[in-house]
$ cat final-v8.tsv   # TSV, C-alpha atoms
chain	number	residue	atom	x	y	z
A	1	MET	CA	-74.68	140.89	172.19
A	2	ASN	CA	-74.08	144.56	171.30
A	3	GLN	CA	-75.55	146.32	168.27
A	4	PHE	CA	-72.26	146.13	166.35
A	5	GLU	CA	-72.18	142.35	166.65
A	6	LEU	CA	-75.86	142.05	165.74
A	7	HIS	CA	-75.20	144.11	162.63
A	8	MET	CA	-72.22	141.97	161.63
A	9	VAL	CA	-74.15	138.72	161.94
A	10	SER	CA	-77.33	139.92	160.24
A	11	ALA	CA	-75.35	141.49	157.41
A	12	ILE	CA	-73.63	138.23	156.56
A	13	LEU	CA	-76.50	135.79	157.10
A	14	PRO	CA	-77.53	134.71	153.57
A	15	GLN	CA	-81.17	135.25	152.70
A	16	ASN	CA	-80.96	132.40	150.20
A	17	PRO	CA	-77.98	130.18	151.10
A	18	VAL	CA	-77.84	128.53	147.66
A	19	LYS	CA	-78.37	131.67	145.63
A	20	ASP	CA	-75.92	133.73	147.67
A	21	LEU	CA	-73.13	131.14	147.54
A	22	VAL	CA	-69.79	132.74	146.72
A	23	LYS	CA	-68.24	131.16	143.64
A	24	PRO	CA	-65.27	129.00	144.73
A	25	LEU	CA	-61.87	129.28	143.08
A	26	GLY	CA	-61.55	126.88	140.19
A	27	ALA	CA	-65.27	126.10	140.06
A	28	PRO	CA	-66.86	125.34	136.69
A	29	SER	CA	-68.08	128.57	135.14
A	30	ILE	CA	-70.99	127.20	133.09
A	31	LEU	CA	-73.41	126.30	135.90
A	32	SER	CA	-73.86	127.33	139.49
A	33	PRO	CA	-75.32	124.97	142.14
A	34	GLN	CA	-78.81	126.45	141.98
A	35	ASP	CA	-78.92	125.67	138.25
A	36	PHE	CA	-78.89	121.90	138.72
A	37	LEU	CA	-79.52	121.07	142.38
A	38	SER	CA	-83.14	120.68	143.39
A	39	LEU	CA	-85.26	119.75	146.40
A	40	SER	CA	-87.38	117.57	144.11
A	41	TYR	CA	-84.52	115.94	142.19
A	42	TYR	CA	-85.49	112.38	143.21
A	43	GLN	CA	-89.23	113.00	143.48
A	44	LYS	CA	-90.03	110.81	140.46
A	45	THR	CA	-86.98	108.54	140.25
A	46	CYS	CA	-86.55	107.65	143.95
A	47	PRO	CA	-89.21	109.30	146.14
A	48	ALA	CA	-88.21	107.28	149.22
A	49	ALA	CA	-84.54	108.33	149.08
A	50	GLU	CA	-84.58	110.76	152.02
A	51	GLU	CA	-86.69	108.44	154.16
A	52	ILE	CA	-84.26	105.56	153.57
A	53	ILE	CA	-81.24	107.72	154.37
A	54	HIS	CA	-82.82	109.00	157.57
A	55	ARG	CA	-83.99	105.57	158.72
A	56	LYS	CA	-80.57	104.00	158.19
A	57	MET	CA	-78.75	106.92	159.79
A	58	LYS	CA	-81.02	106.70	162.83
A	59	ALA	CA	-80.44	102.94	163.18
A	60	TRP	CA	-76.67	103.43	163.19
A	61	PHE	CA	-76.99	106.34	165.63
A	62	LEU	CA	-78.90	104.17	168.07
A	63	LYS	CA	-76.13	101.57	167.91
A	64	ASP	CA	-73.27	104.09	168.23
A	65	TYR	CA	-74.09	107.77	168.73
A	66	THR	CA	-70.46	108.78	168.01
A	67	LEU	CA	-71.01	107.93	164.34
A	68	ALA	CA	-73.19	111.02	163.94
A	69	ALA	CA	-70.25	113.37	164.53
A	70	SER	CA	-68.12	111.13	162.29
A	71	ILE	CA	-70.56	111.49	159.39
A	72	ILE	CA	-70.58	115.30	159.71
A	73	ARG	CA	-66.77	115.27	159.68
A	74	LEU	CA	-66.69	112.88	156.72
A	75	HIS	CA	-68.97	115.23	154.78
A	76	PHE	CA	-66.67	118.18	155.52
A	77	HIS	CA	-63.56	116.27	154.41
A	78	ASP	CA	-65.36	115.32	151.20
A	79	CYS	CA	-66.54	118.81	150.30
A	80	ALA	CA	-63.29	120.52	151.34
A	81	VAL	CA	-61.14	118.75	148.77
A	82	ARG	CA	-62.78	118.45	145.34
A	83	GLY	CA	-66.23	119.62	146.33
A	84	CYS	CA	-69.08	117.41	147.46
A	85	ASP	CA	-68.42	114.59	145.01
A	86	ALA	CA	-67.93	111.59	147.35
A	87	SER	CA	-64.25	111.40	146.35
A	88	ILE	CA	-63.43	110.79	150.03
A	89	LEU	CA	-65.27	107.46	149.77
A	90	LEU	CA	-63.16	106.03	146.95
A	91	ASN	CA	-61.01	103.27	148.38
A	92	HIS	CA	-57.89	102.71	146.31
A	93	ARG	CA	-54.18	103.29	146.60
A	94	ASN	CA	-53.28	106.98	147.06
A	95	SER	CA	-56.93	108.04	147.33
A	96	GLU	CA	-58.15	110.74	149.73
A	97	ARG	CA	-59.41	107.99	152.00
A	98	ARG	CA	-55.87	106.56	152.30
A	99	ALA	CA	-54.31	109.96	153.13
A	100	TYR	CA	-52.70	110.61	156.49
A	101	ALA	CA	-55.24	113.36	157.18
A	102	SER	CA	-58.04	110.82	156.68
A	103	LYS	CA	-56.60	108.25	159.06
A	104	THR	CA	-59.20	108.87	161.79
A	105	LEU	CA	-62.24	109.30	159.52
A	106	ARG	CA	-65.14	106.95	160.28
A	107	GLY	CA	-68.62	106.21	159.03
A	108	PHE	CA	-67.84	104.62	155.67
A	109	GLN	CA	-69.88	101.54	156.55
A	110	VAL	CA	-72.91	103.74	157.25
A	111	ILE	CA	-72.81	105.20	153.74
A	112	ASP	CA	-72.19	101.75	152.23
A	113	GLU	CA	-75.29	100.34	153.92
A	114	ILE	CA	-77.47	103.26	152.84
A	115	LYS	CA	-76.18	102.99	149.28
A	116	ALA	CA	-76.86	99.22	149.17
A	117	GLU	CA	-80.51	99.72	150.11
A	118	LEU	CA	-80.96	102.57	147.67
A	119	GLU	CA	-79.49	100.44	144.90
A	120	ARG	CA	-82.07	97.78	145.69
A	121	LYS	CA	-84.93	100.31	145.66
A	122	CYS	CA	-83.72	102.69	142.95
A	123	PRO	CA	-80.82	101.22	140.96
A	124	LYS	CA	-78.26	103.60	139.40
A	125	THR	CA	-80.15	106.66	140.64
A	126	VAL	CA	-78.95	108.21	143.93
A	127	SER	CA	-75.36	109.44	144.07
A	128	CYS	CA	-73.03	108.71	146.96
A	129	ALA	CA	-72.39	112.47	147.19
A	130	ASP	CA	-76.08	113.14	147.81
A	131	ILE	CA	-76.26	110.30	150.34
A	132	LEU	CA	-73.36	111.72	152.38
A	133	THR	CA	-74.78	115.26	152.23
A	134	ALA	CA	-78.22	114.17	153.47
A	135	ALA	CA	-76.73	111.84	156.09
A	136	ALA	CA	-74.74	114.75	157.55
A	137	ARG	CA	-77.98	116.74	157.91
A	138	ASP	CA	-79.73	113.79	159.57
A	139	ALA	CA	-76.76	113.19	161.87
A	140	THR	CA	-76.98	116.81	163.03
A	141	LEU	CA	-80.69	116.45	163.67
A	142	LEU	CA	-80.23	113.22	165.65
A	143	LEU	CA	-77.74	115.03	167.90
A	144	GLY	CA	-80.31	117.71	168.70
A	145	GLY	CA	-79.15	120.19	166.08
A	146	PRO	CA	-81.12	122.06	163.40
A	147	PHE	CA	-82.95	120.74	160.34
A	148	TRP	CA	-82.42	122.15	156.86
A	149	GLU	CA	-83.65	121.20	153.41
A	150	VAL	CA	-81.05	119.37	151.31
A	151	THR	CA	-80.98	119.97	147.59
A	152	PHE	CA	-80.04	116.99	145.43
A	153	GLY	CA	-78.44	116.30	142.09
A	154	ARG	CA	-74.74	115.99	142.92
A	155	LYS	CA	-72.69	113.51	140.93
A	156	ASP	CA	-69.87	111.26	142.14
A	157	GLY	CA	-66.36	112.23	141.13
A	158	LYS	CA	-63.94	109.83	139.49
A	159	THR	CA	-60.73	111.33	140.89
A	160	SER	CA	-59.39	111.04	144.44
A	161	ILE	CA	-55.82	112.04	145.38
A	162	ALA	CA	-54.29	111.55	148.83
A	163	LYS	CA	-52.02	114.60	148.78
A	164	GLU	CA	-55.04	116.85	148.20
A	165	ALA	CA	-56.76	115.45	151.31
A	166	ASP	CA	-53.68	116.30	153.38
A	167	LEU	CA	-54.42	120.00	152.78
A	168	VAL	CA	-57.55	119.83	154.96
A	169	PRO	CA	-57.00	121.64	158.31
A	170	GLN	CA	-55.85	119.31	161.06
A	171	GLY	CA	-56.16	121.53	164.14
A	172	ARG	CA	-52.70	123.15	164.18
A	173	GLU	CA	-53.16	125.92	161.61
A	174	ASN	CA	-53.39	129.63	162.42
A	175	VAL	CA	-56.54	131.64	161.74
A	176	THR	CA	-55.15	133.22	158.57
A	177	ALA	CA	-54.54	129.78	157.07
A	178	LEU	CA	-58.07	128.72	158.02
A	179	ILE	CA	-59.63	131.83	156.50
A	180	ASP	CA	-57.66	131.36	153.29
A	181	PHE	CA	-58.67	127.69	153.09
A	182	PHE	CA	-62.35	128.51	153.52
A	183	GLN	CA	-62.39	131.50	151.18
A	184	GLU	CA	-60.67	129.51	148.42
A	185	ARG	CA	-63.74	127.25	148.58
A	186	GLY	CA	-66.23	130.08	148.50
A	187	LEU	CA	-66.91	130.06	152.24
A	188	SER	CA	-66.84	133.13	154.46
A	189	ILE	CA	-65.25	133.89	157.82
A	190	LEU	CA	-68.70	133.48	159.34
A	191	ASP	CA	-68.93	130.01	157.77
A	192	LEU	CA	-65.55	129.18	159.33
A	193	VAL	CA	-66.69	130.13	162.83
A	194	VAL	CA	-70.07	128.45	162.45
A	195	LEU	CA	-68.83	125.17	160.98
A	196	SER	CA	-66.13	125.03	163.66
A	197	GLY	CA	-69.09	124.96	166.03
A	198	SER	CA	-69.70	121.37	164.94
A	199	HIS	CA	-66.95	120.63	167.48
A	200	THR	CA	-69.71	120.90	170.05
A	201	ILE	CA	-69.87	117.13	169.50
A	202	GLY	CA	-67.33	114.51	168.47
A	203	ARG	CA	-63.81	113.58	169.54
A	204	SER	CA	-60.24	114.32	168.53
A	205	SER	CA	-57.10	112.24	168.70
A	206	CYS	CA	-54.52	113.57	171.14
A	207	TYR	CA	-52.07	114.00	168.25
A	208	SER	CA	-54.01	117.05	167.04
A	209	PHE	CA	-53.37	119.05	170.21
A	210	MET	CA	-50.43	117.43	172.01
A	211	HIS	CA	-48.20	120.29	170.85
A	212	ARG	CA	-50.18	122.53	173.21
A	213	LEU	CA	-49.47	120.45	176.32
A	214	ALA	CA	-45.70	120.99	176.56
A	215	ASN	CA	-43.00	123.09	174.87
A	216	TYR	CA	-45.59	125.07	172.95
A	217	LYS	CA	-43.90	126.86	170.03
A	218	GLY	CA	-40.51	126.07	171.56
A	219	THR	CA	-41.20	127.95	174.81
A	220	GLY	CA	-40.62	124.93	177.04
A	221	ARG	CA	-44.04	125.58	178.56
A	222	PRO	CA	-47.65	124.61	177.75
A	223	ASP	CA	-49.91	126.80	175.64
A	224	PRO	CA	-50.80	129.77	177.91
A	225	THR	CA	-54.32	129.92	176.44
A	226	LEU	CA	-55.17	126.54	178.04
A	227	ASP	CA	-56.97	126.53	181.38
A	228	ARG	CA	-54.62	124.99	183.96
A	229	GLN	CA	-57.03	122.35	185.23
A	230	TYR	CA	-58.08	121.51	181.69
A	231	LEU	CA	-54.40	121.13	180.81
A	232	ARG	CA	-53.90	118.65	183.63
A	233	ASN	CA	-56.93	116.66	182.53
A	234	LEU	CA	-55.72	116.53	178.94
A	235	THR	CA	-52.22	115.52	179.95
A	236	GLY	CA	-53.64	112.63	181.94
A	237	SER	CA	-55.87	111.56	179.03
A	238	CYS	CA	-53.12	111.59	176.43
A	239	LYS	CA	-50.65	108.88	177.29
A	240	TRP	CA	-50.73	107.96	173.60
A	241	SER	CA	-51.20	110.26	170.62
A	242	SER	CA	-53.95	107.95	169.31
A	243	ASN	CA	-56.12	108.37	172.43
A	244	LEU	CA	-59.43	110.17	171.90
A	245	VAL	CA	-60.74	113.17	173.83
A	246	ASN	CA	-64.12	114.94	173.60
A	247	LEU	CA	-63.98	118.19	171.64
A	248	ASP	CA	-66.54	119.76	173.99
A	249	ILE	CA	-65.62	119.21	177.63
A	250	THR	CA	-68.99	120.45	178.93
A	251	THR	CA	-71.76	118.74	176.90
A	252	PRO	CA	-69.97	116.32	174.54
A	253	LYS	CA	-73.12	114.46	173.49
A	254	THR	CA	-75.34	117.49	172.82
A	255	PHE	CA	-75.42	119.83	169.84
A	256	ASP	CA	-75.46	123.26	171.51
A	257	VAL	CA	-73.46	126.50	171.96
A	258	GLU	CA	-71.23	125.24	174.79
A	259	TYR	CA	-68.35	124.95	172.32
A	260	TYR	CA	-68.30	128.76	172.08
A	261	ASN	CA	-68.70	129.22	175.84
A	262	ASN	CA	-65.74	126.90	176.40
A	263	LEU	CA	-63.51	129.14	174.28
A	264	GLY	CA	-64.10	132.01	176.68
A	265	LYS	CA	-62.98	129.76	179.54
A	266	LYS	CA	-59.73	128.73	177.77
A	267	LYS	CA	-61.15	125.28	177.19
A	268	GLY	CA	-61.01	125.03	173.42
A	269	LEU	CA	-59.40	121.68	172.63
A	270	LEU	CA	-57.69	122.45	169.32
A	271	SER	CA	-55.53	125.50	168.83
A	272	THR	CA	-57.64	126.26	165.73
A	273	ASP	CA	-60.66	126.44	168.04
A	274	GLN	CA	-59.11	128.59	170.76
A	275	GLU	CA	-57.63	131.10	168.32
A	276	LEU	CA	-61.10	131.87	166.95
A	277	TYR	CA	-61.78	133.49	170.34
A	278	SER	CA	-58.76	135.81	170.25
A	279	ASP	CA	-58.39	136.72	166.58
A	280	PRO	CA	-60.15	140.05	165.82
A	281	ARG	CA	-61.54	138.72	162.54
A	282	THR	CA	-63.39	135.83	164.17
A	283	ALA	CA	-63.88	136.89	167.79
A	284	PRO	CA	-67.04	139.00	167.18
A	285	PHE	CA	-68.84	135.96	165.78
A	286	VAL	CA	-67.75	133.77	168.68
A	287	SER	CA	-69.05	136.44	171.05
A	288	ALA	CA	-72.35	136.63	169.18
A	289	PHE	CA	-72.99	132.92	169.59
A	290	THR	CA	-72.04	132.83	173.27
A	291	ASP	CA	-74.35	135.73	174.16
A	292	GLN	CA	-77.45	134.45	172.40
A	293	GLN	CA	-79.88	131.59	172.70
A	294	PRO	CA	-79.01	128.59	170.48
A	295	ASP	CA	-81.43	129.74	167.75
A	296	LEU	CA	-78.91	132.16	166.24
A	297	PHE	CA	-76.23	129.47	166.00
A	298	PHE	CA	-78.69	126.81	164.84
A	299	ASN	CA	-80.09	129.00	162.05
A	300	GLN	CA	-76.66	129.99	160.81
A	301	PHE	CA	-75.30	126.44	161.10
A	302	ALA	CA	-78.05	125.28	158.76
A	303	ALA	CA	-77.20	128.06	156.28
A	304	SER	CA	-73.46	127.34	156.45
A	305	MET	CA	-74.02	123.61	155.94
A	306	VAL	CA	-76.00	124.44	152.79
A	307	ASN	CA	-73.03	126.54	151.64
A	308	LEU	CA	-70.66	123.67	152.42
A	309	GLY	CA	-72.86	121.20	150.54
A	310	ASN	CA	-72.68	123.29	147.38
A	311	ILE	CA	-68.93	123.64	146.98
A	312	LEU	CA	-67.55	122.84	143.53
A	313	VAL	CA	-70.38	120.66	142.30
A	314	TYR	CA	-69.39	119.01	139.00
A	315	THR	CA	-71.72	117.84	136.23
A	316	ALA	CA	-69.40	117.08	133.30
A	317	PRO	CA	-70.13	113.45	132.26
A	318	LYS	CA	-66.47	112.58	131.81
A	319	GLU	CA	-65.65	113.81	135.33
A	320	SER	CA	-68.61	112.35	137.22
A	321	GLU	CA	-71.15	109.55	137.43
A	322	ILE	CA	-73.64	107.80	139.73
A	323	ARG	CA	-71.48	105.16	141.40
A	324	LEU	CA	-72.93	101.70	141.86
A	325	ASP	CA	-70.62	101.14	144.85
A	326	CYS	CA	-69.43	104.20	146.77
A	327	ASN	CA	-65.98	102.66	147.23
A	328	TYR	CA	-65.15	102.31	143.54
A	329	VAL	CA	-65.48	104.10	140.23
A	330	ASN	CA	-67.89	102.29	137.92
A	331	PRO	CA	-66.27	99.83	135.54
A	332	ALA	CA	-65.84	101.10	132.01
A	333	PRO	CA	-68.60	99.88	129.68
A	334	ARG	CA	-67.59	97.09	127.38
A	335	LYS	CA	-67.10	98.09	123.80
A	336	LYS	CA	-69.39	96.38	121.37
A	337	LYS	CA	-67.64	94.20	118.85
A	338	ALA	CA	-67.98	95.45	115.32
A	339	ASN	CA	-70.07	93.24	113.09
A	340	PRO	CA	-68.00	91.52	110.39
A	341	PRO	CA	-68.62	92.82	106.87
A	342	ARG	CA	-71.34	91.04	104.99
A	343	ARG	CA	-70.38	88.88	102.09
A	344	ASP	CA	-72.84	88.78	99.24
$ encode --input "final-v8.tsv" --output "structure tokens"
Amino acid sequence: MNQFELHMVSAILPQNPVKDLVKPLGAPSILSPQDFLSLSYYQKTCPAAEEIIHRKMKAWFLKDYTLAASIIRLHFHDCAVRGCDASILLNHRNSERRAYASKTLRGFQVIDEIKAELERKCPKTVSCADILTAAARDATLLLGGPFWEVTFGRKDGKTSIAKEADLVPQGRENVTALIDFFQERGLSILDLVVLSGSHTIGRSSCYSFMHRLANYKGTGRPDPTLDRQYLRNLTGSCKWSSNLVNLDITTPKTFDVEYYNNLGKKKGLLSTDQELYSDPRTAPFVSAFTDQQPDLFFNQFAASMVNLGNILVYTAPKESEIRLDCNYVNPAPRKKKANPPRRD
């Protein structure tokens, strides 16, 4: 990596990822995340919370390793809509979970099982939003990725709207649209490139990239930025748009920097991945991660995941709560009947 690229990366790396978080558009102006999120939030009320989350996440990982990538993706889809408020978990008509963009999301049963045990150990204490945030960290770690400290204290939102979930990038956007989407949520271009690196693991449905395989942008030909052999492999794997393909062709089960190396070989699966390599606003960061040992990517991935986990955190009582069941808003409390007037 040249000195220019080193300077760019070091200049943007946050010294304190929570303190240096850019304020997202539309975020509450009274409190910032560092004012109410804490590493010791459950120290007295549920000291075993993190241990329970990690143990359950590990058990699911051992049964099906693909769920780790699914949990990371579920966390992103949650935070990218209304902030990290577990609104993606609400399961009702026209909720984010029922949106077209959420059709391939998985891992809900993992969060449900973790929540059930926490309710047994610490009733009405640990939010679904905190569970999903910590589970995403543990999923990364189980895949061989970095560890980072998770701050707690998020509340669960009461609103979930399908049409808002459909705004989440689906793999066909251009880089400008991606940058705008991230910056509207207080995330930087560096965060965009780094969090895209989570595609070093996981799978995508063929629907998300089939437009690249033939008649790309009306040319009658495939996307010219696709390696020819890779194109043939993808064409053979995608008889149906619902078929799944590994996002990282080289090391699909390992959290590493091969995702970035693949972009230089024209083997980025999604067009949103491949364009990061060619766009002048994102290319220097891609180059920085391909030229270095994984430590640079790992350290920045941890910092960017902290930034992601602190988007638009709400605390207003009327807007949030600690859900008893992650799938549903808590039932309204019953109103007490007024005592009849006394008769003397």
$ closest_atom_pairs --input "final-v8.tsv" --of "region 148-172 of chain A" --to "region 318-329 of chain A" --cutoff "12 Å" --atoms "only C-alpha atoms" --output "JSON lines"
{"residue": "A:Gly153", "atom": "CA", "partner": "A:Ile322", "partner_atom": "CA", "distance": 10.0}
{"residue": "A:Arg154", "atom": "CA", "partner": "A:Ile322", "partner_atom": "CA", "distance": 8.9}
{"residue": "A:Lys155", "atom": "CA", "partner": "A:Glu321", "partner_atom": "CA", "distance": 5.5}
{"residue": "A:Asp156", "atom": "CA", "partner": "A:Glu321", "partner_atom": "CA", "distance": 5.2}
{"residue": "A:Gly157", "atom": "CA", "partner": "A:Ser320", "partner_atom": "CA", "distance": 4.5}
{"residue": "A:Lys158", "atom": "CA", "partner": "A:Ser320", "partner_atom": "CA", "distance": 5.8}
{"residue": "A:Thr159", "atom": "CA", "partner": "A:Glu319", "partner_atom": "CA", "distance": 7.8}
{"residue": "A:Ser160", "atom": "CA", "partner": "A:Val329", "partner_atom": "CA", "distance": 10.1}
$ residues_around --input "final-v8.tsv" --residues "His75 (chain A)" --least-positions-apart "3" --cutoff "7 Å" --atoms "all atoms listed in the file" --output "PDB file with C-alpha atoms, keeping the file's coordinate frame"
ATOM      1  CA  ILE A  71     -70.560 111.490 159.390  1.00  0.00           C
ATOM      2  CA  ILE A  72     -70.580 115.300 159.710  1.00  0.00           C
ATOM      3  CA  ASP A  78     -65.360 115.320 151.200  1.00  0.00           C
ATOM      4  CA  CYS A  79     -66.540 118.810 150.300  1.00  0.00           C
ATOM      5  CA  LEU A 132     -73.360 111.720 152.380  1.00  0.00           C
ATOM      6  CA  THR A 133     -74.780 115.260 152.230  1.00  0.00           C
ATOM      7  CA  ALA A 136     -74.740 114.750 157.550  1.00  0.00           C
TER       8      ALA A 136
END
$ residues_around --input "final-v8.tsv" --residues "His77 (chain A)" --least-positions-apart "2" --cutoff "9 Å" --atoms "only C-alpha atoms" --output "number ranges by chain"
A: 72-75, 79-81, 84, 88, 102, 105, 165, 168
$ atom_distance --input "final-v8.tsv" --atom1 "CA of Lys121 (chain A)" --atom2 "CA of Gly309 (chain A)"
24.6 Å
$ residues_near_point --input "final-v8.tsv" --point "(-55.2, 123.9, 166.9)" --cutoff "12 Å" --atoms "all atoms listed in the file" --output "short mmCIF file (atom, residue, chain, number, x, y, z; two decimals) with C-alpha atoms, keeping the file's coordinate frame"
data_model
loop_
_atom_site.label_atom_id
_atom_site.label_comp_id
_atom_site.auth_asym_id
_atom_site.auth_seq_id
_atom_site.Cartn_x
_atom_site.Cartn_y
_atom_site.Cartn_z
CA PRO A 169 -57.00 121.64 158.31
CA GLN A 170 -55.85 119.31 161.06
CA GLY A 171 -56.16 121.53 164.14
CA ARG A 172 -52.70 123.15 164.18
CA GLU A 173 -53.16 125.92 161.61
CA ASN A 174 -53.39 129.63 162.42
CA VAL A 175 -56.54 131.64 161.74
CA ALA A 177 -54.54 129.78 157.07
CA LEU A 178 -58.07 128.72 158.02
CA SER A 196 -66.13 125.03 163.66
CA SER A 204 -60.24 114.32 168.53
CA SER A 205 -57.10 112.24 168.70
CA CYS A 206 -54.52 113.57 171.14
CA TYR A 207 -52.07 114.00 168.25
CA SER A 208 -54.01 117.05 167.04
CA PHE A 209 -53.37 119.05 170.21
CA MET A 210 -50.43 117.43 172.01
CA HIS A 211 -48.20 120.29 170.85
CA ARG A 212 -50.18 122.53 173.21
CA LEU A 213 -49.47 120.45 176.32
CA TYR A 216 -45.59 125.07 172.95
CA ASP A 223 -49.91 126.80 175.64
CA THR A 225 -54.32 129.92 176.44
CA LEU A 226 -55.17 126.54 178.04
CA LEU A 247 -63.98 118.19 171.64
CA LYS A 267 -61.15 125.28 177.19
CA GLY A 268 -61.01 125.03 173.42
CA LEU A 269 -59.40 121.68 172.63
CA LEU A 270 -57.69 122.45 169.32
CA SER A 271 -55.53 125.50 168.83
CA THR A 272 -57.64 126.26 165.73
CA ASP A 273 -60.66 126.44 168.04
CA GLN A 274 -59.11 128.59 170.76
CA GLU A 275 -57.63 131.10 168.32
CA LEU A 276 -61.10 131.87 166.95
#
